[in-house]
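J.: Sharing protein-v9.cif here; it has mmCIF, C-alpha atoms.
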data_work
loop_
_atom_site.group_PDB
_atom_site.id
_atom_site.type_symbol
_atom_site.label_atom_id
_atom_site.label_comp_id
_atom_site.auth_asym_id
_atom_site.auth_seq_id
_atom_site.Cartn_x
_atom_site.Cartn_y
_atom_site.Cartn_z
ATOM 1 C CA MET S 30 25.020 -23.330 38.821
ATOM 2 C CA ASN S 31 24.315 -24.044 42.473
ATOM 3 C CA LEU S 32 24.885 -27.681 43.257
ATOM 4 C CA GLU S 33 24.174 -27.535 46.970
ATOM 5 C CA ASN S 34 20.514 -28.557 46.651
ATOM 6 C CA GLU S 35 20.836 -30.730 43.597
ATOM 7 C CA ASN S 36 21.340 -34.429 43.237
ATOM 8 C CA VAL S 37 24.979 -34.592 42.254
ATOM 9 C CA LYS S 38 25.935 -36.801 39.317
ATOM 10 C CA THR S 39 29.618 -36.910 38.459
ATOM 11 C CA GLY S 40 30.891 -37.237 34.918
ATOM 12 C CA LEU S 41 34.230 -37.855 33.209
ATOM 13 C CA ILE S 42 34.441 -36.196 29.790
ATOM 14 C CA MET S 43 37.269 -36.976 27.371
ATOM 15 C CA GLU S 44 38.297 -34.979 24.306
ATOM 16 C CA GLY S 45 39.663 -36.697 21.200
ATOM 17 C CA GLY S 46 42.781 -35.748 19.295
ATOM 18 C CA ALA S 47 44.214 -38.918 17.731
ATOM 19 C CA MET S 48 47.445 -39.858 19.520
ATOM 20 C CA ARG S 49 47.145 -36.896 21.865
ATOM 21 C CA GLY S 50 44.756 -39.363 23.456
ATOM 22 C CA MET S 51 47.769 -40.997 25.080
ATOM 23 C CA PHE S 52 47.614 -38.058 27.498
ATOM 24 C CA THR S 53 44.071 -39.119 28.395
ATOM 25 C CA ALA S 54 45.211 -42.727 28.755
ATOM 26 C CA GLY S 55 47.715 -41.594 31.378
ATOM 27 C CA VAL S 56 45.077 -39.590 33.215
ATOM 28 C CA ILE S 57 42.537 -42.407 33.403
ATOM 29 C CA ASP S 58 45.131 -44.865 34.665
ATOM 30 C CA VAL S 59 45.869 -42.586 37.619
ATOM 31 C CA LEU S 60 42.133 -42.302 38.290
ATOM 32 C CA LEU S 61 41.783 -46.085 38.229
ATOM 33 C CA GLU S 62 44.796 -46.621 40.462
ATOM 34 C CA ASN S 63 43.288 -44.244 43.007
ATOM 35 C CA ASP S 64 39.810 -45.794 42.855
ATOM 36 C CA ILE S 65 38.174 -42.605 41.602
ATOM 37 C CA ASN S 66 34.774 -43.401 40.145
ATOM 38 C CA PHE S 67 32.138 -41.479 38.207
ATOM 39 C CA ASP S 68 28.423 -41.906 37.624
ATOM 40 C CA GLY S 69 28.994 -41.454 33.910
ATOM 41 C CA ALA S 70 31.679 -40.931 31.303
ATOM 42 C CA ALA S 71 31.679 -39.690 27.720
ATOM 43 C CA GLY S 72 34.304 -39.780 25.014
ATOM 44 C CA ILE S 73 34.749 -38.454 21.515
ATOM 45 C CA SER S 74 37.048 -40.094 18.955
ATOM 46 C CA ALA S 75 40.255 -41.103 20.784
ATOM 47 C CA GLY S 76 38.450 -40.154 23.986
ATOM 48 C CA ALA S 77 35.974 -42.930 23.188
ATOM 49 C CA VAL S 78 38.281 -45.712 21.980
ATOM 50 C CA PHE S 79 40.805 -45.105 24.759
ATOM 51 C CA GLY S 80 38.338 -43.891 27.383
ATOM 52 C CA CYS S 81 36.265 -47.077 27.290
ATOM 53 C CA ASN S 82 39.137 -48.722 29.165
ATOM 54 C CA PHE S 83 38.256 -46.588 32.176
ATOM 55 C CA VAL S 84 34.922 -48.396 32.387
ATOM 56 C CA SER S 85 36.492 -51.822 31.783
ATOM 57 C CA LYS S 86 39.121 -50.909 34.417
ATOM 58 C CA GLN S 87 42.036 -52.057 32.249
ATOM 59 C CA ILE S 88 45.001 -50.055 33.462
ATOM 60 C CA GLY S 89 47.692 -49.595 30.815
ATOM 61 C CA ARG S 90 45.776 -51.220 27.967
ATOM 62 C CA PRO S 91 45.654 -48.283 25.487
ATOM 63 C CA LEU S 92 49.354 -47.591 25.949
ATOM 64 C CA ARG S 93 50.228 -51.262 25.679
ATOM 65 C CA TYR S 94 48.494 -52.040 22.397
ATOM 66 C CA ASN S 95 49.396 -48.719 20.788
ATOM 67 C CA MET S 96 53.090 -49.172 21.570
ATOM 68 C CA LYS S 97 53.004 -52.766 20.369
ATOM 69 C CA TYR S 98 51.132 -52.233 17.107
ATOM 70 C CA CYS S 99 51.804 -48.615 16.083
ATOM 71 C CA ASN S 100 54.193 -49.808 13.339
ATOM 72 C CA ASP S 101 52.021 -52.705 12.210
ATOM 73 C CA PRO S 102 50.532 -51.893 8.770
ATOM 74 C CA ARG S 103 47.374 -53.734 9.783
ATOM 75 C CA TYR S 104 46.872 -51.168 12.542
ATOM 76 C CA CYS S 105 47.483 -47.894 10.718
ATOM 77 C CA SER S 106 49.044 -47.400 7.296
ATOM 78 C CA ILE S 107 48.718 -45.787 3.901
ATOM 79 C CA ARG S 108 48.489 -49.323 2.550
ATOM 80 C CA SER S 109 45.389 -49.923 4.643
ATOM 81 C CA TRP S 110 43.875 -46.648 3.424
ATOM 82 C CA ILE S 111 44.500 -47.480 -0.235
ATOM 83 C CA LYS S 112 43.208 -51.041 0.083
ATOM 84 C CA THR S 113 40.191 -50.443 2.310
ATOM 85 C CA GLY S 114 39.463 -46.722 2.531
ATOM 86 C CA ASP S 115 40.396 -46.726 6.218
ATOM 87 C CA LEU S 116 43.740 -45.455 7.474
ATOM 88 C CA TYR S 117 43.186 -47.420 10.681
ATOM 89 C CA GLY S 118 42.483 -51.024 9.733
ATOM 90 C CA VAL S 119 38.949 -51.755 10.873
ATOM 91 C CA ASP S 120 39.237 -55.528 11.282
ATOM 92 C CA PHE S 121 42.543 -55.320 13.085
ATOM 93 C CA CYS S 122 41.662 -52.394 15.365
ATOM 94 C CA TYR S 123 38.113 -53.341 16.238
ATOM 95 C CA THR S 124 38.149 -57.153 16.073
ATOM 96 C CA GLU S 125 41.650 -58.643 16.200
ATOM 97 C CA ILE S 126 42.977 -56.470 19.029
ATOM 98 C CA PRO S 127 39.955 -56.363 21.367
ATOM 99 C CA GLN S 128 38.915 -59.976 20.823
ATOM 100 C CA LYS S 129 42.255 -61.774 20.472
ATOM 101 C CA LEU S 130 45.474 -59.788 20.870
ATOM 102 C CA ASP S 131 44.733 -57.510 23.852
ATOM 103 C CA VAL S 132 41.307 -58.612 24.969
ATOM 104 C CA PHE S 133 38.794 -55.992 26.077
ATOM 105 C CA ASP S 134 37.106 -56.916 29.371
ATOM 106 C CA ASN S 135 33.461 -56.859 28.309
ATOM 107 C CA GLU S 136 32.326 -58.459 31.577
ATOM 108 C CA THR S 137 33.798 -55.724 33.765
ATOM 109 C CA PHE S 138 32.579 -53.059 31.339
ATOM 110 C CA THR S 139 29.019 -54.423 31.514
ATOM 111 C CA LYS S 140 28.976 -54.762 35.309
ATOM 112 C CA ASN S 141 30.457 -51.319 35.947
ATOM 113 C CA PRO S 142 27.612 -48.957 36.992
ATOM 114 C CA THR S 143 29.396 -46.055 35.262
ATOM 115 C CA GLU S 144 27.345 -45.119 32.207
ATOM 116 C CA PHE S 145 29.479 -44.653 29.081
ATOM 117 C CA TYR S 146 28.482 -42.487 26.129
ATOM 118 C CA VAL S 147 30.168 -41.947 22.766
ATOM 119 C CA GLY S 148 29.391 -39.296 20.171
ATOM 120 C CA ALA S 149 29.686 -39.450 16.388
ATOM 121 C CA THR S 150 28.722 -37.016 13.618
ATOM 122 C CA ASP S 151 25.715 -37.776 11.407
ATOM 123 C CA VAL S 152 26.859 -37.189 7.821
ATOM 124 C CA ASN S 153 23.340 -36.168 6.771
ATOM 125 C CA THR S 154 22.755 -33.500 9.433
ATOM 126 C CA GLY S 155 26.238 -32.495 10.581
ATOM 127 C CA LYS S 156 25.036 -32.938 14.165
ATOM 128 C CA CYS S 157 26.618 -35.083 16.853
ATOM 129 C CA VAL S 158 24.512 -38.044 17.952
ATOM 130 C CA TYR S 159 25.215 -39.969 21.124
ATOM 131 C CA HIS S 160 25.027 -43.606 22.085
ATOM 132 C CA LYS S 161 24.967 -45.168 25.530
ATOM 133 C CA CYS S 162 27.198 -48.229 25.496
ATOM 134 C CA VAL S 163 25.860 -51.241 27.376
ATOM 135 C CA ASP S 164 28.226 -54.183 26.954
ATOM 136 C CA GLY S 165 31.220 -53.227 24.819
ATOM 137 C CA GLY S 166 29.932 -55.633 22.194
ATOM 138 C CA GLU S 167 29.486 -55.360 18.436
ATOM 139 C CA VAL S 168 27.092 -52.387 18.368
ATOM 140 C CA ASP S 169 29.018 -50.424 20.993
ATOM 141 C CA THR S 170 32.254 -51.117 19.107
ATOM 142 C CA LYS S 171 30.680 -49.832 15.876
ATOM 143 C CA TRP S 172 29.807 -46.581 17.641
ATOM 144 C CA MET S 173 33.337 -46.231 18.987
ATOM 145 C CA GLN S 174 34.705 -46.894 15.507
ATOM 146 C CA ALA S 175 32.360 -44.254 14.101
ATOM 147 C CA SER S 176 33.398 -41.746 16.740
ATOM 148 C CA ALA S 177 37.040 -42.171 15.703
ATOM 149 C CA SER S 178 36.507 -42.331 11.916
ATOM 150 C CA MET S 179 38.292 -39.230 10.654
ATOM 151 C CA PRO S 180 36.849 -37.740 7.439
ATOM 152 C CA VAL S 181 38.730 -38.439 4.179
ATOM 153 C CA VAL S 182 40.915 -41.166 5.716
ATOM 154 C CA SER S 183 37.973 -43.271 6.945
ATOM 155 C CA ARG S 184 34.811 -44.675 5.463
ATOM 156 C CA PRO S 185 31.573 -43.630 7.150
ATOM 157 C CA VAL S 186 30.199 -46.197 9.584
ATOM 158 C CA GLU S 187 26.657 -47.514 9.333
ATOM 159 C CA VAL S 188 25.053 -48.323 12.686
ATOM 160 C CA ASP S 189 21.593 -48.032 14.246
ATOM 161 C CA GLY S 190 20.215 -46.387 11.113
ATOM 162 C CA TYR S 191 22.853 -43.643 11.059
ATOM 163 C CA THR S 192 25.747 -42.954 8.720
ATOM 164 C CA LEU S 193 28.498 -41.585 10.936
ATOM 165 C CA LEU S 194 31.978 -40.056 11.014
ATOM 166 C CA ASP S 195 34.289 -38.651 13.676
ATOM 167 C CA GLY S 196 32.404 -37.126 16.594
ATOM 168 C CA GLY S 197 34.966 -34.362 16.866
ATOM 169 C CA VAL S 198 33.698 -32.832 13.628
ATOM 170 C CA ALA S 199 30.532 -31.657 15.416
ATOM 171 C CA ASP S 200 31.342 -31.876 19.139
ATOM 172 C CA SER S 201 34.945 -32.085 20.296
ATOM 173 C CA VAL S 202 34.163 -32.134 24.025
ATOM 174 C CA PRO S 203 30.678 -33.417 24.970
ATOM 175 C CA TYR S 204 30.226 -31.482 28.223
ATOM 176 C CA ARG S 205 26.989 -29.841 27.052
ATOM 177 C CA TYR S 206 25.439 -33.214 26.295
ATOM 178 C CA MET S 207 26.476 -34.609 29.661
ATOM 179 C CA GLU S 208 25.022 -31.601 31.435
ATOM 180 C CA GLU S 209 21.774 -31.976 29.469
ATOM 181 C CA ILE S 210 21.316 -35.563 30.654
ATOM 182 C CA GLY S 211 21.957 -34.689 34.276
ATOM 183 C CA PHE S 212 25.687 -34.898 34.954
ATOM 184 C CA ASN S 213 26.342 -31.714 36.895
ATOM 185 C CA ARG S 214 29.778 -32.173 38.416
ATOM 186 C CA ASN S 215 32.144 -32.973 35.576
ATOM 187 C CA VAL S 216 35.848 -33.629 35.176
ATOM 188 C CA ILE S 217 36.939 -32.659 31.666
ATOM 189 C CA VAL S 218 40.119 -34.112 30.174
ATOM 190 C CA LEU S 219 41.444 -31.992 27.308
ATOM 191 C CA THR S 220 44.340 -32.825 25.006
ATOM 192 C CA GLN S 221 45.398 -29.271 24.179
ATOM 193 C CA PRO S 222 47.039 -26.803 26.608
ATOM 194 C CA ASP S 223 45.341 -23.850 28.251
ATOM 195 C CA GLY S 224 44.712 -21.045 25.770
ATOM 196 C CA TYR S 225 44.841 -23.212 22.651
ATOM 197 C CA ARG S 226 42.479 -22.069 19.911
ATOM 198 C CA LYS S 227 41.881 -23.384 16.405
ATOM 199 C CA HIS S 228 42.181 -21.290 13.242
ATOM 200 C CA LYS S 229 40.314 -21.424 9.974
ATOM 201 C CA SER S 230 41.792 -24.227 7.889
ATOM 202 C CA LYS S 231 43.671 -23.165 4.777
ATOM 203 C CA ALA S 232 43.046 -26.648 3.403
ATOM 204 C CA GLN S 233 39.267 -26.271 3.444
ATOM 205 C CA PRO S 234 38.903 -25.876 -0.369
ATOM 206 C CA ILE S 235 40.694 -29.204 -0.789
ATOM 207 C CA MET S 236 38.556 -30.779 1.940
ATOM 208 C CA ASN S 237 35.440 -29.582 0.127
ATOM 209 C CA LEU S 238 36.597 -31.447 -2.974
ATOM 210 C CA LEU S 239 37.547 -34.602 -1.089
ATOM 211 C CA LEU S 240 34.251 -34.590 0.790
ATOM 212 C CA HIS S 241 32.038 -33.804 -2.190
ATOM 213 C CA LYS S 242 29.885 -36.836 -1.344
ATOM 214 C CA TYR S 243 29.294 -35.420 2.129
ATOM 215 C CA PRO S 244 28.737 -31.664 1.703
ATOM 216 C CA VAL S 245 27.175 -31.301 5.164
ATOM 217 C CA ILE S 246 30.328 -32.733 6.752
ATOM 218 C CA ALA S 247 32.479 -30.370 4.669
ATOM 219 C CA LYS S 248 30.418 -27.406 5.835
ATOM 220 C CA THR S 249 30.543 -28.526 9.462
ATOM 221 C CA MET S 250 34.317 -28.919 9.241
ATOM 222 C CA ALA S 251 34.642 -25.437 7.747
ATOM 223 C CA ASN S 252 32.973 -23.990 10.844
ATOM 224 C CA ARG S 253 34.605 -26.345 13.308
ATOM 225 C CA TYR S 254 37.258 -23.900 14.450
ATOM 226 C CA MET S 255 34.623 -21.434 15.637
ATOM 227 C CA GLU S 256 32.612 -24.066 17.476
ATOM 228 C CA TYR S 257 35.737 -25.515 19.079
ATOM 229 C CA ASN S 258 36.881 -22.107 20.277
ATOM 230 C CA ASN S 259 33.435 -21.433 21.738
ATOM 231 C CA GLU S 260 33.633 -24.719 23.613
ATOM 232 C CA MET S 261 37.039 -23.828 25.011
ATOM 233 C CA GLU S 262 35.700 -20.473 26.227
ATOM 234 C CA GLU S 263 32.743 -22.134 27.923
ATOM 235 C CA ILE S 264 34.932 -24.788 29.518
ATOM 236 C CA LYS S 265 37.272 -22.107 30.843
ATOM 237 C CA GLN S 266 34.301 -20.296 32.379
ATOM 238 C CA ARG S 267 33.056 -23.488 33.997
ATOM 239 C CA GLU S 268 36.524 -24.129 35.366
ATOM 240 C CA GLU S 269 36.843 -20.631 36.825
ATOM 241 C CA GLN S 270 33.379 -20.861 38.386
ATOM 242 C CA GLY S 271 34.183 -24.219 39.976
ATOM 243 C CA ILE S 272 31.452 -25.978 37.996
ATOM 244 C CA SER S 273 33.863 -28.260 36.144
ATOM 245 C CA PHE S 274 37.353 -29.557 36.900
ATOM 246 C CA VAL S 275 39.746 -29.543 33.958
ATOM 247 C CA ILE S 276 42.858 -31.638 33.400
ATOM 248 C CA ARG S 277 44.879 -30.538 30.373
ATOM 249 C CA PRO S 278 48.477 -30.788 29.105
ATOM 250 C CA PRO S 279 50.845 -28.130 30.485
ATOM 251 C CA GLU S 280 52.031 -27.409 26.941
ATOM 252 C CA ASP S 281 51.594 -28.564 23.352
ATOM 253 C CA LEU S 282 52.084 -32.330 23.325
ATOM 254 C CA GLY S 283 53.922 -32.270 19.991
ATOM 255 C CA ILE S 284 52.831 -35.737 18.918
ATOM 256 C CA GLY S 285 51.760 -36.818 15.444
ATOM 257 C CA LYS S 286 48.219 -37.947 14.654
ATOM 258 C CA THR S 287 49.560 -41.321 13.537
ATOM 259 C CA GLU S 288 52.638 -41.493 15.746
ATOM 260 C CA LYS S 289 54.882 -44.481 14.948
ATOM 261 C CA ASP S 290 57.451 -44.033 17.704
ATOM 262 C CA PRO S 291 56.514 -46.058 20.818
ATOM 263 C CA ALA S 292 58.746 -43.810 22.937
ATOM 264 C CA GLU S 293 56.700 -40.788 21.891
ATOM 265 C CA LEU S 294 53.471 -42.536 22.826
ATOM 266 C CA GLU S 295 54.902 -43.370 26.235
ATOM 267 C CA ARG S 296 56.192 -39.819 26.682
ATOM 268 C CA VAL S 297 52.736 -38.328 26.190
ATOM 269 C CA TYR S 298 51.156 -41.007 28.390
ATOM 270 C CA LYS S 299 53.546 -40.092 31.198
ATOM 271 C CA ILE S 300 52.628 -36.410 30.868
ATOM 272 C CA GLY S 301 49.015 -37.410 31.433
ATOM 273 C CA ARG S 302 50.009 -39.405 34.503
ATOM 274 C CA ARG S 303 52.008 -36.501 35.907
ATOM 275 C CA GLU S 304 49.224 -33.977 35.434
ATOM 276 C CA ALA S 305 46.606 -36.255 36.969
ATOM 277 C CA THR S 306 48.879 -37.015 39.910
ATOM 278 C CA ARG S 307 49.691 -33.351 40.411
ATOM 279 C CA GLN S 308 46.008 -32.435 40.551
ATOM 280 C CA LEU S 309 44.843 -35.554 42.384
ATOM 281 C CA GLN S 310 44.106 -34.051 45.789
ATOM 282 C CA GLU S 311 42.328 -31.054 44.273
ATOM 283 C CA LEU S 312 40.327 -33.419 42.074
ATOM 284 C CA LYS S 313 39.229 -35.491 45.065
ATOM 285 C CA GLU S 314 38.108 -32.367 46.862
ATOM 286 C CA PHE S 315 36.126 -31.237 43.812
ATOM 287 C CA LEU S 316 34.301 -34.571 43.595
ATOM 288 C CA GLN S 317 33.516 -34.587 47.326
ATOM 289 C CA LYS S 318 31.902 -31.115 47.435
#
How does this structure look as structure tokens?
T.:
Amino acid sequence: MNLENENVKTGLIMEGGAMRGMFTAGVIDVLLENDINFDGAAGISAGAVFGCNFVSKQIGRPLRYNMKYCNDPRYCSIRSWIKTGDLYGVDFCYTEIPQKLDVFDNETFTKNPTEFYVGATDVNTGKCVYHKCVDGGEVDTKWMQASASMPVVSRPVEVDGYTLLDGGVADSVPYRYMEEIGFNRNVIVLTQPDGYRKHKSKAQPIMNLLLHKYPVIAKTMANRYMEYNNEMEEIKQREEQGISFVIRPPEDLGIGKTEKDPAELERVYKIGRREATRQLQELKEFLQK
């Protein structure tokens, strides 16, 4: 891709990965502290629910509320899953925290010219559908919830005529979508180290049983490892060709999907800060080409 004669549009693209997303939280805080802006941003799953704070310019917010509430059963617990069908408590995570306990800055989010997109998987087609957030309000929040709603441990989310689950089922890193809508100079934040590849899940027969109501999702999940590995190959090629700039962990982050240790959350966050700081000058040069 030759960008010299094109109108350059910069994008920030954020992979999911549950609490590996603390790495992304560290990265975006360094970007904010250094006044690095993008024309657009896109997040999947944790990349959406944590990445939205880049657009609202709330440094430290994802780390703060995760450390504070990671052991609160209203936030994430087996009790919540048994009672409601959602491992992550919907009311607490998507109403109590952003509206009362650690308020999301909707005004800054709305005024920020950076476009913000989230992706979630349509349970009827197995395809990822994307939503452009406009104000961080109720509809946008529903899309973020959908993007982070992991199969089996979450109920599907109904919004805008769709029935949706975790965006990472169909599209773990939405760089193709961002390129399709015109973002041609992209910074991609991954939450797995260089060379990581997924393997076919040995638990797939069990997943097929648990997801019998959503056979398309079960089938998409069965093939996810191949699609993910293809994405990683393409991202590596883009990185080597200088088309995209990639920030990734230096090694496996070793953090649980539902990490309950605040120190572990902070550890992974600090790794994200270190990697972003280490690559900061190179990143600036990439964006200024």
J.: Can you tell me which residues surround Val275 of chain S at a distance of at most 6 Å, considering only C-alpha atoms, apart from same-chain residues fewer than 3 positions away, and format the answer as a list in words?
T.: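 Those residues are Val216, Ile217 and Val218 of chain S.
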J.: Quick one: residues within 8 Å of segment 167-172 of chain S, all atoms listed in the file counted, chain neighbours fewer than 6 positions away excluded, as a PDB file with C-alpha atoms, in the coordinates of the input?
T.:
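Output contents, as saved in around-v7.pdb:
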ATOM      1  CA  TYR S 123      38.113 -53.341  16.238  1.00  0.00           C
ATOM      2  CA  VAL S 147      30.168 -41.947  22.766  1.00  0.00           C
ATOM      3  CA  GLY S 148      29.391 -39.296  20.171  1.00  0.00           C
ATOM      4  CA  ALA S 149      29.686 -39.450  16.388  1.00  0.00           C
ATOM      5  CA  HIS S 160      25.027 -43.606  22.085  1.00  0.00           C
ATOM      6  CA  VAL S 186      30.199 -46.197   9.584  1.00  0.00           C
ATOM      7  CA  VAL S 188      25.053 -48.323  12.686  1.00  0.00           C
TER       8      VAL S 188
END
J.: Between atom CA of Tyr94 of chain S and atom CA of Ile65 of chain S, what is the distance, to one decimal in Å?
T.: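 These two atoms are separated by 23.8 Å.
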J.: Step by step, work through what the PyMOL selection byres ((chain S and resi 224) around 10) selects in the shown file, and finish by giving those residues as an MDAnalysis selection string.
T.: chainID S and resid 221:223 225:226 258 261:262 265 280
J.: Could you give me, as JSON, numbers by chain, the residues within 8 Å of Asn213 of chain S, counting only C-alpha atoms and dropping anything in the same chain fewer than 3 positions from it?
T.: {"S": [32, 37, 38, 39, 40, 207, 208, 272]}
J.: Quick one: which residues end up in the PyMOL selection byres ((chain S and resi 131) around 12) for this structure, as a ChimeraX atom specification?
T.: /S:82,87,89-95,97-98,121-130,132-134
J.: Using all atoms listed in the file, find the one residue out of S:Asn215, S:Tyr254, S:Tyr243, S:Lys318 that sits nearest to Glu268 of chain S.
T.: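 The answer is S:Asn215, which sits nearest to Glu268 of chain S.
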J.: Could the residues of segment 66-107 of chain S that have an atom at most 12 Å from segment 174-178 of chain S be listed as CSV, each with its closest atom pair and the distance in Å to one decimal, counting only C-alpha atoms and ordered by chain and ascending residue number?
T.:
residue,atom,partner,partner_atom,distance
S:Ala71,CA,S:Ser176,CA,11.3
S:Gly72,CA,S:Ser176,CA,8.6
S:Ile73,CA,S:Ser176,CA,6.0
S:Ser74,CA,S:Ala177,CA,3.9
S:Ala75,CA,S:Ala177,CA,6.1
S:Gly76,CA,S:Ala177,CA,8.6
S:Ala77,CA,S:Ser176,CA,7.0
S:Val78,CA,S:Ala177,CA,7.3
S:Phe79,CA,S:Ala177,CA,10.2
S:Gly80,CA,S:Ala177,CA,11.9
S:Cys81,CA,S:Gln174,CA,11.9
J.: Between atom CA of Thr249 of chain S and atom CA of Met179 of chain S, what distance in Å does the model show, to one decimal?
T.: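 Between atom CA of Thr249 of chain S and atom CA of Met179 of chain S the gap works out to 13.3 Å.
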J.: Which is closer to Tyr146 of chain S than all the others in S:Val202, S:Leu219, S:Ile284, S:Ala251, using all atoms listed in the file?
T.: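 Looking only at the distances to Tyr146 of chain S, the closest residue turns out to be S:Val202.
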J.: If the PyMOL selection byres ((chain S and resi 102-114) around 10) were run on this exact file, what residues would it hold? Put them as a short mmCIF file (atom, residue, chain, number, x, y, z; two decimals) with C-alpha atoms, in the frame of the given file.
T.:
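Result written to selection-v2.cif:
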data_model
loop_
_atom_site.label_atom_id
_atom_site.label_comp_id
_atom_site.auth_asym_id
_atom_site.auth_seq_id
_atom_site.Cartn_x
_atom_site.Cartn_y
_atom_site.Cartn_z
CA ASN S 95 49.40 -48.72 20.79
CA TYR S 98 51.13 -52.23 17.11
CA CYS S 99 51.80 -48.62 16.08
CA ASN S 100 54.19 -49.81 13.34
CA ASP S 101 52.02 -52.70 12.21
CA ASP S 115 40.40 -46.73 6.22
CA LEU S 116 43.74 -45.46 7.47
CA TYR S 117 43.19 -47.42 10.68
CA GLY S 118 42.48 -51.02 9.73
CA VAL S 119 38.95 -51.76 10.87
CA ASP S 120 39.24 -55.53 11.28
CA PHE S 121 42.54 -55.32 13.08
CA CYS S 122 41.66 -52.39 15.36
CA TYR S 123 38.11 -53.34 16.24
CA GLU S 125 41.65 -58.64 16.20
CA ILE S 126 42.98 -56.47 19.03
CA VAL S 181 38.73 -38.44 4.18
CA VAL S 182 40.92 -41.17 5.72
CA SER S 183 37.97 -43.27 6.94
CA ARG S 184 34.81 -44.68 5.46
CA PRO S 185 31.57 -43.63 7.15
CA THR S 287 49.56 -41.32 13.54
CA GLU S 288 52.64 -41.49 15.75
CA LYS S 289 54.88 -44.48 14.95
#
J.: Taking into account all atoms listed in the file, which residue in the set S:Ile300, S:Ile88, S:Glu144, S:Asn36 is nearest to Ile57 of chain S?
T.: S:Ile88
J.: Quick one: of S:Arg303, S:Lys140, S:Lys286, S:Arg267, who's nearest to Tyr204 of chain S, counting all atoms listed in the file?
T.: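 Of the candidates, the smallest distance to Tyr204 of chain S is held by S:Arg267.
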